[in-house]
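Single-structure report; data block below.
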Amino acid sequence: MATRKQGVTPIRSFGAKTTRRGFLGAATAAGVAASSGLTIFSRTAHAAGRMRVLCWPGYEEKPVIEEFEQKNDCKVEFKTYIGGEQMLQFFAQSPKGTFDAIISDAEYVQKLTAQKALDPLKPADFPNLADYHPKYRDFAPLRAPDSKMWAVPTRFSFYGLSYNTKYMTEEEAKTWNSLFLPKYKGKVALFDWYLPNMSNASLAVMPNNQTPYDISDGDLAKVKAWLFKLRPQISVFSEQNQGLVNALINEDAWVTPTGDMEITLIGAGHKNFASTVPDEGSIRWSEAAALCADSRNKELALKWIEYMSGARVQSELVYTKGFKARAPNMKVTKFWNEEQTKLMSYVPDPKNPGKMLVETLIDKSVPRGLPVKQPDKAWIAIYNEFKTSKG
Amino acid sequence: MVASLASGALPGAVPEAGSGKVTSPMKVLGIGLPLLYSAAFFVAPLAFLIMLGFWLVEDFQVVPAFSLENYLDIAQHMFAKSNYALAIAQSLWVSLSTAFLAVLVCYPMVLAIVYLAPLSRHRLLLMLAVAPFWSSYVLRLFSWQILLANKGIINSGLAWAGLESFQVSLIYTQSATRIGLIHYLAPILIVILYVTVANIDRDLIQAARDLGATRWQAFRRVILPMSRTGLLVSASFAAIVSFGDVLAGALLGGGAGKSVLGSVPLFSNMIMSEYASSTNLPRTSALAMILVLVMILMLAAGAALADRNKIDAG
């Protein structure tokens with residue numbers, strides 16, 4: 001049986017053969033890497049029985065990866081990122097073959113395929129897909145631009161309304177426009193990222209639009225007006241979930257257009273929180289595991305992707321310290337107790353017989369995307385203007 | 001400015017120039033090491049930041065270039081759309097007022113240590129004043145969050161004491177940002193001011209008192225003018241650090257805390273937010289260069305004021 005250390009060759013000494021050009025090149029690379037937060041992996045560490053994954057936080061946590069490492073007698077190295085753009089930069093700035101697999105937001109898979117960074121996958125290699133929710137079994141954003149399957153969904157959740165039930169009623173939470181009620185002035189907390197906020201605004205302006213990112217300049221102006229109207233209601237912009245959680249616990253904010261908050265809060269003993277997707281719809285984020293075209297350990301990487309599609313690992317993945325989320329594999333409930341199943345909304349929806357609550361939420365939400373008719377910069381500028389507009 | 005303070009504080013401590021051999025290994029080492037340190041940890045990163053501001057991002061890769069595109073784009077957004085000028089104004093207002101308040105808080109503390117406490121207790125009192133510096137800055141900010149929250153310890157305490165009508169609403173305002181910054185800066189300012197005040201010649205104060213000056217007059221005519229350089233150094237330091245700080249504005253100011261200028265984010269918070277959204281390192285570097293430029297201007301203003309003070313005193 002191979003051991004973890006097998007195949008690791010000694011690191012070449014930085015001695016007489018090092019040229020000035022080589023040194024300057026290495027120094028520049030180190031400078032760029034350091035400034036961009038990029039981890040430089042040792043080339044010699046890339047041996048058999050090892051693989052590297054570029055991912056959002058959570059995948060590296062012990063309960064998620066331990067079983068895979070033990071079963072395959074291997075070591076998985078993780079480089080975590082926050083945000084799809086950061087993922088693309090980390091990937092583009094790393095030497096070819098640095099990563100074997102990537103966890104990507106669904107909308108960024110298309111950007112990776114455009115760079116020929118991924119290998120297509122065969123659905124037949126992933127029998128767990130049969131247990132997936134129908135919308136994730138054959139998830140359209142992972143198929144574009146052709147009909148090939150480029151990644152396997154691993155977790156998702158909603159940018160709906162998370163609210164304090166002491167102040168917001170279930171009825172009020174049914175519409176985004178409740179955020180304009182006078183009682184919510186200075187009581188709305190916002191996750192500080194233009195993409196979900198502007199697309200939720202897009203849905204509020206054009207309810208149930210299945211393509212809230214593919215809008216005309218005229219509709220974008222309406223989105224901007226909606227956001228500006230919301231500005232006086234906002235008390236806090238936070239780049240971290242923790243900031244939003246603190247604001248909700250301390251009652252400095254009563255509501256946030258960021259879903260999932262209640263999972264953390266109820267889990268911490270604060271029972272007076274709930275979340276929902278308003279009737280106009282909300283954005284749903286989805287992550288998926290993809291195989292790097294330049295991987296030097298494709299066999300192991302494929303095994304890892306198959307592993308990540310399993311119900312057991314997804315039941316842990318949606319409960320990580322990094323993120324709370326939902327699992328596309330509907331068999332996750334086998335690994336949860338009754339309380340967890342209810343908290344995660346994998347219980348029958350009384351208003352939609354035959355459906356689970358989480359399925360209703362999936363139906364009401366649309367996958368997160370990227371601006372189509374305008375450059376990203378134009379959307380970011382509107383978001384900045386919204387932030388600097390005097391609240 | 002700092003050099004003048006140091007030489008003023010420790011007269012005669014610097015050995016005479018030219019007293020040793022020019023090529024003495026110790027002298028070379030003594031000069032070379034700080035130069036090397038500055039080159040490695042100040043000049044090189046700054047040069048890299050300047051260079052990066054002219055580079056571009058193409059297909060998510062940073063491409064070396066000499067382009068003014070980032071700066072031109074930022075200029076277009078200075079007074080419209082992203083409104084960077086407003087964020088810079090908010091940062092200036094918060095940092096300058098923080099500097100003023102921080103000095104106002106720390107100076108009396110230093111006067112009390114130097115003139116009211118026995119000399120044998122100075123070290124202990126300074127240690128106590130500097131003690132907060134030993135704990136994590138982020139931890140301190142989270143503590144303030146718990147204290148200042150609308151349902152936090154302060155308001156709960158007031159309510160418990162039957163003072164519900166005196167509830168304070170500070171969290172997610174720039175006042176809360178200032179509180180966090182002052183707590184962060186105070187230990188450093190106290191040390192800077194202590195060096196200044198402790199080195200004021202006590203004979204001068206005694207002479208003023210012998211000539212009939214009241215305590216207040218002795219303070220106003222002797223101690224305060226002789227503290228002015230230290231006050232300016234510490235205020236400049238506080239303003240510069242506050243201008244570049246991100247955490248207090250994010251955790252206590254709520255990302256766009258309210259002030260007299262409105263609920264506008266600090267420029268540093270805006271840079272962070274832009275980087276998180278776009279991950280465009282060259283554009284972020286160009287924005288950071290503007291931040292550095294404003295800091296240099298603040299430093300220059302502080303130095304000019306200190307020089308004018310020296311001339312006035314002279």
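Please note that chains go A, B, ... in the order of the structure tokens, that every chain numbers its residues from 1, and that ligands are numbered from 1 in the order shown.
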
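Non-sequential neighbours of Ser365 in chain A (distance at most 8 Å, separation of 3 or more positions within a chain, only C-alpha atoms) are Phe158, Val277, Gly281, Ser282, Ile283, Arg284, Leu361 and Ile362 of chain A.
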
Set the cut-off to 9 Å and count only C-alpha atoms: what are the residues of chain B that reach chain A? Output as number ranges by chain.
B: 45, 48, 59-62, 77, 80-84, 86-87, 145-146, 149-152, 171-173, 250-251, 253-258, 261-265, 270, 273-274, 276-281

Can you write out the residues you just picked, keeping C-alpha atoms, as an mmCIF file, in the first residue's frame?
```cif
data_model
loop_
_atom_site.group_PDB
_atom_site.id
_atom_site.type_symbol
_atom_site.label_atom_id
_atom_site.label_comp_id
_atom_site.auth_asym_id
_atom_site.auth_seq_id
_atom_site.Cartn_x
_atom_site.Cartn_y
_atom_site.Cartn_z
ATOM 1 C CA PRO B 45 6.425 47.037 -1.517
ATOM 2 C CA PHE B 48 5.515 47.309 -6.404
ATOM 3 C CA ASP B 59 -8.849 37.356 -18.945
ATOM 4 C CA PHE B 60 -8.550 37.405 -15.146
ATOM 5 C CA GLN B 61 -4.758 37.628 -15.334
ATOM 6 C CA VAL B 62 -2.713 40.570 -14.196
ATOM 7 C CA HIS B 77 -15.750 58.014 -10.670
ATOM 8 C CA ALA B 80 -19.952 60.780 -9.814
ATOM 9 C CA LYS B 81 -21.153 57.192 -9.768
ATOM 10 C CA SER B 82 -18.810 55.538 -7.201
ATOM 11 C CA ASN B 83 -18.233 58.946 -5.581
ATOM 12 C CA TYR B 84 -14.758 58.228 -4.262
ATOM 13 C CA LEU B 86 -17.199 61.596 -0.819
ATOM 14 C CA ALA B 87 -15.625 58.498 0.728
ATOM 15 C CA GLN B 145 -19.552 45.846 19.352
ATOM 16 C CA ILE B 146 -21.032 44.004 22.336
ATOM 17 C CA ALA B 149 -24.967 47.467 20.432
ATOM 18 C CA ASN B 150 -28.477 48.825 20.808
ATOM 19 C CA LYS B 151 -29.238 45.881 23.084
ATOM 20 C CA GLY B 152 -25.644 45.791 24.292
ATOM 21 C CA ILE B 171 -23.209 51.196 16.873
ATOM 22 C CA TYR B 172 -22.839 51.476 13.072
ATOM 23 C CA THR B 173 -22.026 55.175 13.260
ATOM 24 C CA ALA B 250 -16.260 47.740 9.088
ATOM 25 C CA LEU B 251 -17.009 46.240 12.517
ATOM 26 C CA GLY B 253 -19.022 51.721 11.683
ATOM 27 C CA GLY B 254 -21.079 49.061 9.890
ATOM 28 C CA GLY B 255 -19.291 49.594 6.575
ATOM 29 C CA ALA B 256 -20.998 52.947 5.930
ATOM 30 C CA GLY B 257 -21.530 54.498 9.340
ATOM 31 C CA LYS B 258 -23.450 57.698 9.869
ATOM 32 C CA LEU B 261 -21.476 63.806 6.065
ATOM 33 C CA GLY B 262 -24.183 61.114 5.991
ATOM 34 C CA SER B 263 -24.013 57.311 5.924
ATOM 35 C CA VAL B 264 -21.013 57.140 3.655
ATOM 36 C CA PRO B 265 -18.326 54.427 3.742
ATOM 37 C CA MET B 270 -14.551 51.111 -0.189
ATOM 38 C CA SER B 273 -15.239 46.182 -0.878
ATOM 39 C CA GLU B 274 -14.163 46.895 -4.458
ATOM 40 C CA ALA B 276 -13.794 41.734 -2.878
ATOM 41 C CA SER B 277 -16.229 42.412 -5.736
ATOM 42 C CA SER B 278 -13.845 42.640 -8.652
ATOM 43 C CA THR B 279 -10.522 41.168 -7.415
ATOM 44 C CA ASN B 280 -8.931 43.629 -9.808
ATOM 45 C CA LEU B 281 -5.543 44.018 -8.153
#
```

Near range 309-324 of chain A, within 10 Å and counting only C-alpha atoms, which residues show up once chain neighbours fewer than 5 positions away are dropped, as an MDAnalysis selection string?
chainID A and resid 56:68 126:129 131:132 152:157 241 259:264 288:289 304 329:336 340 344

Which polymer residues have any atom within 12 Å of an atom of Ile188 in chain B, counting only C-alpha atoms, with same-chain residues fewer than 6 positions away left out, as a CSV table (one decimal) with all heavy atoms, in the first residue's frame?
```
chain,number,residue,atom,x,y,z
B,102,ALA,N,-8.3,61.7,20.2
B,102,ALA,CA,-7.3,60.8,20.8
B,102,ALA,C,-6.3,61.6,21.6
B,102,ALA,O,-5.9,61.2,22.7
B,102,ALA,CB,-6.7,59.9,19.7
B,103,VAL,N,-5.8,62.7,21.0
B,103,VAL,CA,-4.8,63.5,21.7
B,103,VAL,C,-5.4,64.1,22.9
B,103,VAL,O,-4.8,64.2,24.0
B,103,VAL,CB,-4.2,64.6,20.7
B,103,VAL,CG1,-3.4,65.6,21.5
B,103,VAL,CG2,-3.4,63.9,19.6
B,106,CYS,N,-5.5,61.4,25.5
B,106,CYS,CA,-4.2,60.9,26.0
B,106,CYS,C,-3.4,62.0,26.7
B,106,CYS,O,-2.6,61.6,27.7
B,106,CYS,CB,-3.4,60.3,24.8
B,106,CYS,SG,-4.3,58.9,24.1
B,107,TYR,N,-3.4,63.2,26.2
B,107,TYR,CA,-2.5,64.3,26.8
B,107,TYR,C,-2.8,64.5,28.3
B,107,TYR,O,-1.8,64.5,29.1
B,107,TYR,CB,-2.7,65.6,26.0
B,107,TYR,CG,-1.7,66.6,26.3
B,107,TYR,CD1,-0.4,66.4,26.4
B,107,TYR,CD2,-2.2,67.9,26.6
B,107,TYR,CE1,0.5,67.4,26.7
B,107,TYR,CE2,-1.3,69.0,26.9
B,107,TYR,CZ,0.1,68.7,26.9
B,107,TYR,OH,1.0,69.7,27.2
B,110,VAL,N,-1.2,61.7,30.2
B,110,VAL,CA,0.2,61.8,30.3
B,110,VAL,C,0.6,62.9,31.3
B,110,VAL,O,1.6,62.7,32.1
B,110,VAL,CB,0.8,62.1,28.9
B,110,VAL,CG1,2.3,62.4,29.0
B,110,VAL,CG2,0.6,60.8,28.0
B,126,LEU,N,2.6,53.6,33.0
B,126,LEU,CA,2.8,53.5,31.5
B,126,LEU,C,2.4,52.1,31.1
B,126,LEU,O,1.8,51.9,30.0
B,126,LEU,CB,4.2,53.8,31.1
B,126,LEU,CG,4.6,55.2,30.9
B,126,LEU,CD1,6.0,55.4,30.5
B,126,LEU,CD2,3.7,55.8,29.7
B,127,MET,N,2.9,51.1,31.9
B,127,MET,CA,2.6,49.7,31.5
B,127,MET,C,1.0,49.5,31.5
B,127,MET,O,0.5,48.8,30.6
B,127,MET,CB,3.2,48.7,32.5
B,127,MET,CG,4.7,48.6,32.5
B,127,MET,SD,5.2,47.4,31.3
B,127,MET,CE,5.1,46.0,32.4
B,129,ALA,N,-1.2,51.8,31.0
B,129,ALA,CA,-1.8,52.5,29.9
B,129,ALA,C,-1.6,51.8,28.6
B,129,ALA,O,-2.4,51.8,27.7
B,129,ALA,CB,-1.2,53.9,29.8
B,130,VAL,N,-0.5,51.1,28.5
B,130,VAL,CA,-0.2,50.4,27.2
B,130,VAL,C,-0.8,49.0,27.2
B,130,VAL,O,-0.9,48.3,26.1
B,130,VAL,CB,1.4,50.3,27.1
B,130,VAL,CG1,1.8,49.5,25.9
B,130,VAL,CG2,1.9,51.7,26.9
B,131,ALA,N,-1.3,48.5,28.3
B,131,ALA,CA,-1.8,47.1,28.4
B,131,ALA,C,-2.8,46.7,27.3
B,131,ALA,O,-2.7,45.6,26.8
B,131,ALA,CB,-2.4,46.9,29.8
B,132,PRO,N,-3.8,47.6,27.0
B,132,PRO,CA,-4.7,47.2,25.9
B,132,PRO,C,-4.1,46.7,24.6
B,132,PRO,O,-4.6,46.0,23.8
B,132,PRO,CB,-5.6,48.4,25.7
B,132,PRO,CG,-5.4,49.2,26.9
B,132,PRO,CD,-4.1,48.9,27.5
B,133,PHE,N,-2.8,47.2,24.4
B,133,PHE,CA,-2.1,46.9,23.2
B,133,PHE,C,-1.7,45.5,23.1
B,133,PHE,O,-1.5,44.9,22.0
B,133,PHE,CB,-0.9,47.8,23.1
B,133,PHE,CG,-0.4,48.1,21.7
B,133,PHE,CD1,-1.2,48.8,20.8
B,133,PHE,CD2,0.8,47.6,21.2
B,133,PHE,CE1,-0.8,49.0,19.5
B,133,PHE,CE2,1.2,47.8,19.9
B,133,PHE,CZ,0.4,48.5,19.1
B,134,TRP,N,-1.7,44.8,24.2
B,134,TRP,CA,-1.3,43.4,24.2
B,134,TRP,C,-2.4,42.4,23.7
B,134,TRP,O,-2.2,41.3,23.5
B,134,TRP,CB,-0.9,42.9,25.7
B,134,TRP,CG,0.3,43.7,26.2
B,134,TRP,CD1,1.2,44.4,25.4
B,134,TRP,CD2,0.7,43.9,27.5
B,134,TRP,NE1,2.1,45.0,26.2
B,134,TRP,CE2,1.8,44.7,27.5
B,134,TRP,CE3,0.1,43.5,28.7
B,134,TRP,CZ2,2.5,45.1,28.7
B,134,TRP,CZ3,0.8,43.9,29.9
B,134,TRP,CH2,1.9,44.7,29.9
B,181,LEU,N,-11.0,53.3,17.2
B,181,LEU,CA,-9.7,53.8,16.8
B,181,LEU,C,-9.0,54.4,17.9
B,181,LEU,O,-7.8,54.2,18.1
B,181,LEU,CB,-9.9,54.8,15.6
B,181,LEU,CG,-10.2,54.3,14.2
B,181,LEU,CD1,-10.6,55.4,13.3
B,181,LEU,CD2,-9.0,53.5,13.7
B,182,ILE,N,-9.7,55.2,18.8
B,182,ILE,CA,-9.0,55.8,19.9
B,182,ILE,C,-8.5,54.7,20.9
B,182,ILE,O,-7.4,54.8,21.4
B,182,ILE,CB,-10.0,56.8,20.6
B,182,ILE,CG1,-10.3,58.0,19.7
B,182,ILE,CG2,-9.4,57.2,22.0
B,182,ILE,CD1,-11.4,58.9,20.2
B,194,TYR,N,4.4,60.8,26.4
B,194,TYR,CA,5.2,60.7,27.6
B,194,TYR,C,6.6,61.1,27.4
B,194,TYR,O,7.2,61.9,28.2
B,194,TYR,CB,5.1,59.3,28.2
B,194,TYR,CG,5.9,59.1,29.4
B,194,TYR,CD1,5.4,59.5,30.7
B,194,TYR,CD2,7.2,58.6,29.3
B,194,TYR,CE1,6.2,59.3,31.8
B,194,TYR,CE2,8.0,58.4,30.5
B,194,TYR,CZ,7.5,58.8,31.7
B,194,TYR,OH,8.2,58.6,32.9
B,195,VAL,N,7.2,60.7,26.3
B,195,VAL,CA,8.6,61.0,25.9
B,195,VAL,C,8.7,62.5,25.9
B,195,VAL,O,9.7,63.1,26.4
B,195,VAL,CB,9.0,60.3,24.6
B,195,VAL,CG1,10.4,60.9,24.1
B,195,VAL,CG2,9.0,58.8,24.8
B,233,VAL,N,3.2,65.5,16.5
B,233,VAL,CA,3.6,64.2,16.0
B,233,VAL,C,2.6,63.1,16.3
B,233,VAL,O,2.2,62.3,15.4
B,233,VAL,CB,5.0,63.7,16.7
B,233,VAL,CG1,5.3,62.3,16.4
B,233,VAL,CG2,6.1,64.6,16.2
B,234,SER,N,2.0,63.1,17.5
B,234,SER,CA,1.0,62.1,17.9
B,234,SER,C,-0.3,62.3,17.1
B,234,SER,O,-0.9,61.3,16.7
B,234,SER,CB,0.8,62.0,19.4
B,234,SER,OG,0.6,63.3,19.9
B,235,ALA,N,-0.7,63.5,16.9
B,235,ALA,CA,-1.9,63.8,16.1
B,235,ALA,C,-1.7,63.3,14.7
B,235,ALA,O,-2.6,62.7,14.1
B,235,ALA,CB,-2.2,65.3,16.2
B,237,PHE,N,0.3,61.1,13.6
B,237,PHE,CA,0.4,59.6,13.6
B,237,PHE,C,-1.1,59.0,13.7
B,237,PHE,O,-1.4,58.1,12.9
B,237,PHE,CB,1.2,59.1,14.8
B,237,PHE,CG,1.2,57.6,15.0
B,237,PHE,CD1,2.1,56.9,14.2
B,237,PHE,CD2,0.4,57.0,15.9
B,237,PHE,CE1,2.1,55.5,14.4
B,237,PHE,CE2,0.4,55.6,16.0
B,237,PHE,CZ,1.3,54.9,15.3
B,238,ALA,N,-1.8,59.6,14.6
B,238,ALA,CA,-3.2,59.1,14.8
B,238,ALA,C,-4.0,59.3,13.5
B,238,ALA,O,-4.8,58.4,13.1
B,238,ALA,CB,-3.9,59.8,16.0
B,241,VAL,N,-2.9,56.7,10.7
B,241,VAL,CA,-3.3,55.4,11.0
B,241,VAL,C,-4.9,55.3,10.9
B,241,VAL,O,-5.4,54.3,10.3
B,241,VAL,CB,-2.9,54.9,12.5
B,241,VAL,CG1,-3.5,53.6,12.8
B,241,VAL,CG2,-1.4,54.8,12.5
```

Using only C-alpha atoms, which residues sit within 6 Å of range 49-57 of chain B once same-chain residues fewer than 3 positions away are excluded, as a PDB file with C-alpha atoms, in the first residue's frame?
```pdb
ATOM      1  CA  LEU B  46       5.596  50.682  -2.264  1.00  0.00           C
ATOM      2  CA  PHE B  60      -8.550  37.405 -15.146  1.00  0.00           C
ATOM      3  CA  GLN B  61      -4.758  37.628 -15.334  1.00  0.00           C
ATOM      4  CA  VAL B  62      -2.713  40.570 -14.196  1.00  0.00           C
ATOM      5  CA  VAL B  63      -0.851  41.793 -17.273  1.00  0.00           C
ATOM      6  CA  PRO B  64       2.238  44.034 -16.923  1.00  0.00           C
ATOM      7  CA  ALA B  65       1.708  47.290 -18.816  1.00  0.00           C
ATOM      8  CA  PHE B  66       2.136  51.011 -18.493  1.00  0.00           C
ATOM      9  CA  SER B  67      -1.432  52.161 -18.755  1.00  0.00           C
ATOM     10  CA  LEU B  68      -3.223  55.064 -17.122  1.00  0.00           C
ATOM     11  CA  PRO B 282      -4.171  46.780 -10.450  1.00  0.00           C
ATOM     12  CA  SER B 285      -3.517  49.294  -6.205  1.00  0.00           C
ATOM     13  CA  ALA B 286      -4.350  52.544  -8.007  1.00  0.00           C
TER      14      ALA B 286
END
```

Pick out the residues sitting within 12 Å of Leu179 in chain A, and hand them over as a VMD selection string; count only C-alpha atoms, and ignore anything fewer than 2 positions along from it in its own chain.
chain A and resid 161 to 163 167 to 169 172 to 177 181 to 190 201 204 226 to 227 229 to 234 253 to 257 278

Name all residues at most 12 Å from Leu297 in chain B (count only C-alpha atoms; drop same-chain ones fewer than 5 positions away) and give them as number ranges by chain.
B: 92, 236, 239-240, 243, 290-292, 302-304

Out of range 170-251 of chain B, which residues get helix (DSSP H, G or I) from DSSP, as a ChimeraX atom specification?
/B:174-198,202-210,215-244,247-251

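Distance-wise, CA of Glu338 in chain A and CA of Arg326 in chain A end up 15.6 Å apart.
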
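The coordinates place CA of Tyr137 in chain B at 28.9 Å from CA of Ala159 in chain B.
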
Of B:Gly157, B:Thr196, B:Leu163, B:Leu72, the one sitting nearest Pro225 in chain B when using only C-alpha atoms is B:Thr196

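Of note, CA of Trp93 in chain B and CA of Ser143 in chain B are spaced 24.6 Å apart.
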
Write out as a PyMOL selection string all residues of range 91-332 of chain A that DSSP puts in strand (DSSP E or B) for this structure's backbone.
chain A and resi 101-105+118-119+121+132+149+152-159+161-164+188-191+234-238+255-256+273-276+282-292+319+324+326+329
